[in-house]
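Shown next: data05.tsv, given as TSV, C-alpha atoms and all ligand atoms.
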```tsv
chain	number	residue	atom	x	y	z
A	1	MET	CA	-68.61	155.09	82.37
A	2	ALA	CA	-70.32	151.73	83.09
A	3	ASP	CA	-73.61	153.09	81.74
A	4	ALA	CA	-72.22	154.66	78.54
A	5	SER	CA	-73.94	153.18	75.52
A	6	LEU	CA	-73.21	152.60	71.85
A	7	ARG	CA	-75.24	151.74	68.79
A	8	ILE	CA	-74.32	148.18	67.81
A	9	THR	CA	-75.09	146.38	64.54
A	10	GLU	CA	-73.89	142.93	65.61
A	11	ILE	CA	-71.66	141.00	68.01
A	12	PHE	CA	-70.50	137.63	66.71
A	13	TYR	CA	-67.74	135.05	66.92
A	14	SER	CA	-65.84	134.08	63.79
A	15	LEU	CA	-62.33	133.85	62.37
A	16	GLN	CA	-60.40	137.06	61.87
A	17	GLY	CA	-60.48	137.52	58.11
A	18	GLU	CA	-57.53	139.88	57.74
A	19	ALA	CA	-54.67	141.73	59.42
A	20	LYS	CA	-51.94	140.18	61.55
A	21	THR	CA	-54.29	137.96	63.59
A	22	VAL	CA	-55.85	136.47	60.45
A	23	GLY	CA	-57.31	133.03	61.00
A	24	LEU	CA	-57.61	133.35	64.78
A	25	PRO	CA	-61.01	132.95	66.48
A	26	THR	CA	-62.18	136.48	67.33
A	27	VAL	CA	-65.26	138.20	68.68
A	28	PHE	CA	-66.34	141.09	66.46
A	29	VAL	CA	-68.18	144.06	67.88
A	30	ARG	CA	-69.59	145.93	64.89
A	31	LEU	CA	-70.60	149.50	65.68
A	32	THR	CA	-73.30	151.21	63.64
A	33	GLY	CA	-72.64	154.21	61.39
A	34	CYS	CA	-69.89	155.53	59.13
A	35	PRO	CA	-69.31	159.03	57.71
A	36	LEU	CA	-67.53	157.63	54.63
A	37	ARG	CA	-68.92	155.95	51.51
A	38	CYS	CA	-66.14	153.86	49.98
A	39	GLN	CA	-67.39	152.47	46.66
A	40	TYR	CA	-66.41	148.89	47.63
A	41	CYS	CA	-67.90	148.98	51.12
A	42	ASP	CA	-68.85	145.50	52.34
A	43	SER	CA	-70.64	146.62	55.50
A	44	GLU	CA	-73.29	149.04	54.23
A	45	TYR	CA	-75.80	147.19	56.42
A	46	ALA	CA	-73.98	148.80	59.36
A	47	PHE	CA	-74.59	152.38	58.18
A	48	PHE	CA	-78.00	152.66	59.86
A	49	GLY	CA	-80.15	150.98	62.47
A	50	GLY	CA	-78.47	148.87	65.09
A	51	GLU	CA	-79.42	148.58	68.72
A	52	ARG	CA	-78.26	150.76	71.60
A	53	LYS	CA	-76.40	148.75	74.23
A	54	THR	CA	-74.60	149.73	77.41
A	55	LEU	CA	-70.93	148.95	77.97
A	56	GLY	CA	-72.00	146.39	80.53
A	57	GLU	CA	-74.29	144.63	78.05
A	58	ILE	CA	-71.60	144.60	75.37
A	59	LEU	CA	-68.97	143.23	77.75
A	60	ALA	CA	-71.35	140.48	78.89
A	61	GLU	CA	-72.09	139.45	75.29
A	62	VAL	CA	-68.40	139.34	74.46
A	63	ALA	CA	-67.56	137.36	77.62
A	64	ALA	CA	-70.15	134.72	76.72
A	65	PHE	CA	-67.86	133.58	73.88
A	66	SER	CA	-64.76	133.33	76.16
A	67	PRO	CA	-62.55	134.78	73.41
A	68	ARG	CA	-58.90	135.68	73.45
A	69	TYR	CA	-59.20	138.21	70.61
A	70	VAL	CA	-61.79	140.97	70.23
A	71	CYS	CA	-62.05	143.26	67.19
A	72	VAL	CA	-64.04	146.49	67.33
A	73	THR	CA	-65.13	147.33	63.81
A	74	GLY	CA	-67.86	149.09	61.85
A	75	GLY	CA	-68.88	151.16	60.13
A	76	GLU	CA	-66.46	153.60	61.69
A	77	PRO	CA	-66.20	152.82	65.42
A	78	LEU	CA	-64.55	156.13	66.30
A	79	ALA	CA	-67.61	158.03	65.05
A	80	GLN	CA	-69.19	157.06	68.40
A	81	PRO	CA	-67.26	158.73	71.27
A	82	ALA	CA	-68.13	155.86	73.64
A	83	SER	CA	-66.01	153.56	71.47
A	84	LEU	CA	-63.02	154.87	73.48
A	85	PRO	CA	-64.22	153.64	76.91
A	86	LEU	CA	-65.40	150.42	75.24
A	87	LEU	CA	-61.88	149.75	73.92
A	88	THR	CA	-60.38	150.45	77.35
A	89	ALA	CA	-62.91	148.21	79.08
A	90	LEU	CA	-62.14	145.36	76.67
A	91	CYS	CA	-58.41	145.75	77.36
A	92	ASP	CA	-59.08	145.85	81.11
A	93	ALA	CA	-61.01	142.59	80.76
A	94	GLY	CA	-57.82	140.97	79.46
A	95	TYR	CA	-58.62	140.53	75.76
A	96	GLU	CA	-56.22	141.16	72.87
A	97	VAL	CA	-58.08	144.07	71.32
A	98	SER	CA	-57.90	145.47	67.81
A	99	LEU	CA	-59.72	148.42	66.24
A	100	GLU	CA	-60.54	148.71	62.54
A	101	THR	CA	-60.83	152.36	61.56
A	102	SER	CA	-61.20	154.23	58.28
A	103	GLY	CA	-58.27	156.54	58.98
A	104	ALA	CA	-60.54	159.56	58.66
A	105	LEU	CA	-60.88	160.24	62.40
A	106	PRO	CA	-58.20	160.90	65.07
A	107	ILE	CA	-56.74	157.78	66.70
A	108	SER	CA	-54.89	159.77	69.38
A	109	ALA	CA	-57.29	158.97	72.25
A	110	VAL	CA	-57.43	155.20	71.62
A	111	ASP	CA	-56.13	153.11	74.52
A	112	PRO	CA	-52.43	152.36	73.75
A	113	ARG	CA	-52.97	148.65	74.44
A	114	VAL	CA	-55.18	148.41	71.34
A	115	SER	CA	-53.76	147.35	67.99
A	116	ARG	CA	-55.14	149.96	65.61
A	117	VAL	CA	-55.75	148.85	62.03
A	118	VAL	CA	-55.81	152.16	60.18
A	119	ASP	CA	-56.93	152.39	56.55
A	120	LEU	CA	-55.37	154.74	54.07
A	121	LYS	CA	-58.10	155.27	51.50
A	122	THR	CA	-56.90	155.11	47.90
A	123	PRO	CA	-58.04	157.29	44.98
A	124	ASP	CA	-60.28	154.54	43.56
A	125	SER	CA	-62.02	154.05	46.91
A	126	GLY	CA	-63.71	157.39	46.22
A	127	GLU	CA	-62.73	158.65	49.69
A	128	VAL	CA	-59.04	159.58	49.36
A	129	SER	CA	-59.77	163.13	50.49
A	130	ARG	CA	-60.84	161.81	53.92
A	131	ASN	CA	-57.40	160.49	54.95
A	132	LEU	CA	-56.27	162.14	58.18
A	133	TYR	CA	-52.51	162.18	57.76
A	134	ASP	CA	-51.98	163.49	61.30
A	135	ASN	CA	-52.62	159.88	62.38
A	136	VAL	CA	-49.44	158.68	60.68
A	137	ALA	CA	-47.13	160.24	63.28
A	138	LEU	CA	-49.06	158.39	66.02
A	139	LEU	CA	-48.54	154.90	64.62
A	140	THR	CA	-46.54	152.42	66.69
A	141	GLU	CA	-45.25	148.86	66.36
A	142	ARG	CA	-48.62	147.62	67.67
A	143	ASP	CA	-50.49	149.21	64.77
A	144	GLN	CA	-51.24	148.21	61.22
A	145	VAL	CA	-51.87	150.28	58.11
A	146	LYS	CA	-54.21	148.82	55.51
A	147	PHE	CA	-54.66	149.66	51.84
A	148	VAL	CA	-57.58	148.16	49.93
A	149	LEU	CA	-56.53	148.39	46.28
A	150	CYS	CA	-58.92	148.57	43.34
A	151	SER	CA	-56.54	148.98	40.37
A	152	ARG	CA	-52.95	149.28	39.21
A	153	ALA	CA	-53.25	153.05	39.68
A	154	ASP	CA	-54.21	152.47	43.32
A	155	TYR	CA	-51.24	150.15	43.75
A	156	ASP	CA	-48.82	152.75	42.36
A	157	TRP	CA	-50.32	155.40	44.65
A	158	ALA	CA	-50.06	153.12	47.70
A	159	ARG	CA	-46.49	152.14	46.90
A	160	LEU	CA	-45.50	155.82	46.87
A	161	LYS	CA	-47.34	156.45	50.17
A	162	VAL	CA	-45.56	153.56	51.90
A	163	ASP	CA	-42.24	155.09	50.90
A	164	GLU	CA	-43.10	158.78	51.37
A	165	LEU	CA	-44.60	158.23	54.86
A	166	SER	CA	-42.08	155.53	55.97
A	167	LEU	CA	-45.05	153.36	56.89
A	168	SER	CA	-43.18	150.07	57.23
A	169	GLU	CA	-40.89	151.71	59.82
A	170	ARG	CA	-43.72	153.38	61.76
A	171	ALA	CA	-46.27	150.53	61.94
A	172	GLY	CA	-45.93	146.87	62.81
A	173	GLU	CA	-47.52	145.82	59.53
A	174	VAL	CA	-48.43	147.40	56.21
A	175	LEU	CA	-51.20	145.40	54.56
A	176	PHE	CA	-52.07	145.39	50.85
A	177	SER	CA	-55.41	143.82	50.05
A	178	PRO	CA	-57.13	143.54	46.65
A	179	SER	CA	-60.65	144.93	46.55
A	180	PHE	CA	-62.83	141.84	46.23
A	181	GLY	CA	-64.05	141.43	42.63
A	182	GLN	CA	-62.17	144.53	41.43
A	183	LEU	CA	-58.49	143.58	41.41
A	184	ALA	CA	-57.16	140.04	40.90
A	185	GLY	CA	-55.20	138.85	43.91
A	186	LYS	CA	-52.63	137.21	41.65
A	187	ASN	CA	-51.85	140.50	39.92
A	188	LEU	CA	-51.35	142.28	43.22
A	189	ALA	CA	-49.15	139.45	44.52
A	190	ASP	CA	-47.00	139.59	41.36
A	191	TRP	CA	-46.57	143.38	41.62
A	192	ILE	CA	-45.53	143.21	45.29
A	193	VAL	CA	-42.90	140.57	44.58
A	194	ALA	CA	-41.63	142.38	41.46
A	195	ASP	CA	-41.20	145.59	43.44
A	196	ASN	CA	-39.87	143.83	46.56
A	197	LEU	CA	-42.22	145.89	48.74
A	198	PRO	CA	-42.01	145.76	52.57
A	199	VAL	CA	-45.74	144.96	52.84
A	200	ARG	CA	-47.89	141.95	53.66
A	201	PHE	CA	-50.25	140.73	50.93
A	202	GLN	CA	-53.58	139.55	52.26
A	203	LEU	CA	-56.83	138.13	50.96
A	204	GLN	CA	-59.99	138.67	52.97
A	205	LEU	CA	-60.48	135.20	54.39
A	206	HIS	CA	-64.09	135.72	55.46
A	207	LYS	CA	-65.07	136.54	51.88
A	208	ILE	CA	-63.49	133.37	50.55
A	209	LEU	CA	-64.95	131.16	53.29
A	210	TRP	CA	-68.39	132.71	53.76
A	211	ASP	CA	-68.97	134.78	50.62
A	212	ASP	CA	-69.11	137.98	52.65
A	213	ALA	CA	-72.31	137.10	54.53
A	214	PRO	CA	-73.09	139.29	57.57
A	215	GLY	CA	-72.24	137.65	60.88
A	216	TYR	CA	-68.92	136.14	59.71
B	1	LIG	S1	-64.80	153.33	55.94
B	1	LIG	FE1	-65.28	151.13	56.02
B	1	LIG	S2	-67.43	151.05	56.71
B	1	LIG	FE2	-67.05	153.16	56.06
B	1	LIG	S3	-67.72	153.24	53.91
B	1	LIG	FE3	-65.51	152.79	53.91
B	1	LIG	S4	-65.35	150.54	53.84
B	1	LIG	FE4	-67.49	151.07	54.48
```
Represent the structure from my file as structure tokens, please.
Amino acid sequence: MADASLRITEIFYSLQGEAKTVGLPTVFVRLTGCPLRCQYCDSEYAFFGGERKTLGEILAEVAAFSPRYVCVTGGEPLAQPASLPLLTALCDAGYEVSLETSGALPISAVDPRVSRVVDLKTPDSGEVSRNLYDNVALLTERDQVKFVLCSRADYDWARLKVDELSLSERAGEVLFSPSFGQLAGKNLADWIVADNLPVRFQLQLHKILWDDAPGY
């Protein structure tokens, strides 16, 4: 598999902006392409283009940063089948590896050492019909489920899903994040506390620090 290749938008070193390793220096490998079109998407520049790189080239670029944490993101990484051997190779190299996925594609073949950050798309994302609920039964303590919330209606929907699918028991973390510029973080924080929800509130650190510029 050493010569398998993937289409890559960018590889860069920054701080993890969200999820349970938030704030930790992390190399991001952003794969090109996504079959979804969430209305709030912040990585549309990764839908097309990119550069084809072999596993060996990707591993060498990652190693040059000497990271502890590596996050494979997109786009939708799982839309490229070679994302699976890439994830395994990164684990074999000794990194703490996470995968950010839309939740629309099967996570079953992902290396079990990877922490999978699986979105559940809300009604106001515009892509709720793409949620692959078969993934829920596969979640483990290593994994995280993420909701990006655009409105109070989204919050109410997500709250019901957390309960109905027992998400806080199945996954290590359930993350509620306000859609940047669409839902006030303070409102979401107040609702979570008022409802005593078993979820972690998060703000997207990279957007606050770097105003959502590519490469951070
Ligand atoms: S799944 Fe992620 S990359 Fe794809 S459209 Fe939605 S937010 Fe953008």
Using only C-alpha atoms and all ligand atoms, which residue out of A:Glu100, A:Asp92, A:Glu10, A:Asp3 lies closest to ligand LIG 1 (chain B)?
A:Glu100
Nearby polymer residues, ligand LIG 1 (chain B), at most 12 Å, only C-alpha atoms and all ligand atoms, as a ChimeraX atom specification
/A:9,30-48,73-79,99-105,117-122,124-128,130-131,146-149,179-180
Grab all the atoms of range 79-89 of chain A that the file lists, wrap them in a box along x, y and z, add 4 Å per side, and give me centre plus edge lengths in Å (one decimal) as lines of an AutoDock Vina configuration file.
```
center_x = -64.8
center_y = 153.5
center_z = 72.1
size_x = 16.8
size_y = 18.5
size_z = 22.0
```
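Remark: for Ser168 in chain A, the closest of the candidate residues A:Pro112, A:Asp143, A:Cys150, A:Asp190 is A:Asp143 (distances computed over only C-alpha atoms).
Closest approach to Arg200 in chain A from the set A:Ala19, A:Val136, A:Leu87, A:Ala109 is made by A:Ala19, with distances taken over all atoms listed in the file.
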So how many Å separate CA of Leu203 in chain A and CA of Leu132 in chain A, to one decimal?
25.1 Å
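Nearest residue to Leu209 in chain A among A:Thr140, A:Ser177, A:Ser5, A:Gln16 is A:Gln16, counting all atoms listed in the file.
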Return the single residue from A:Ile11, A:Pro178, A:Asn135, A:Lys207 that is closest to Glu51 in chain A, with distances computed using all atoms listed in the file.
A:Ile11
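If you measure from each of A:Ile8, A:Ala137, A:Val162, A:Leu90 to Gly49 in chain A using only C-alpha atoms, the closest one turns out to be A:Ile8.
Between CA of Ser98 in chain A and CA of Ser14 in chain A the interatomic distance comes to 14.5 Å.
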What is the distance, in Å and to one decimal place, between CA of Ala89 in chain A and CA of Ser108 in chain A?
17.1 Å
Who sits within 9 Å of Phe65 in chain A, all atoms listed in the file, same chain under 5 positions skipped, as a list of chain:residue names:
A:Phe12, A:Tyr13, A:Val27
Could you pull the residues within 9 Å of Val110 in chain A, counting only C-alpha atoms, minus those fewer than 3 positions along the same chain, as number ranges by chain?
A: 78, 83-85, 87-88, 99, 106-107, 113-114, 116
Give me the residues within 9 Å of Leu205 in chain A as a PyMOL selection string, counting only C-alpha atoms and dropping any in the same chain fewer than 4 places off.
chain A and resi 15-18+22-23+209-210
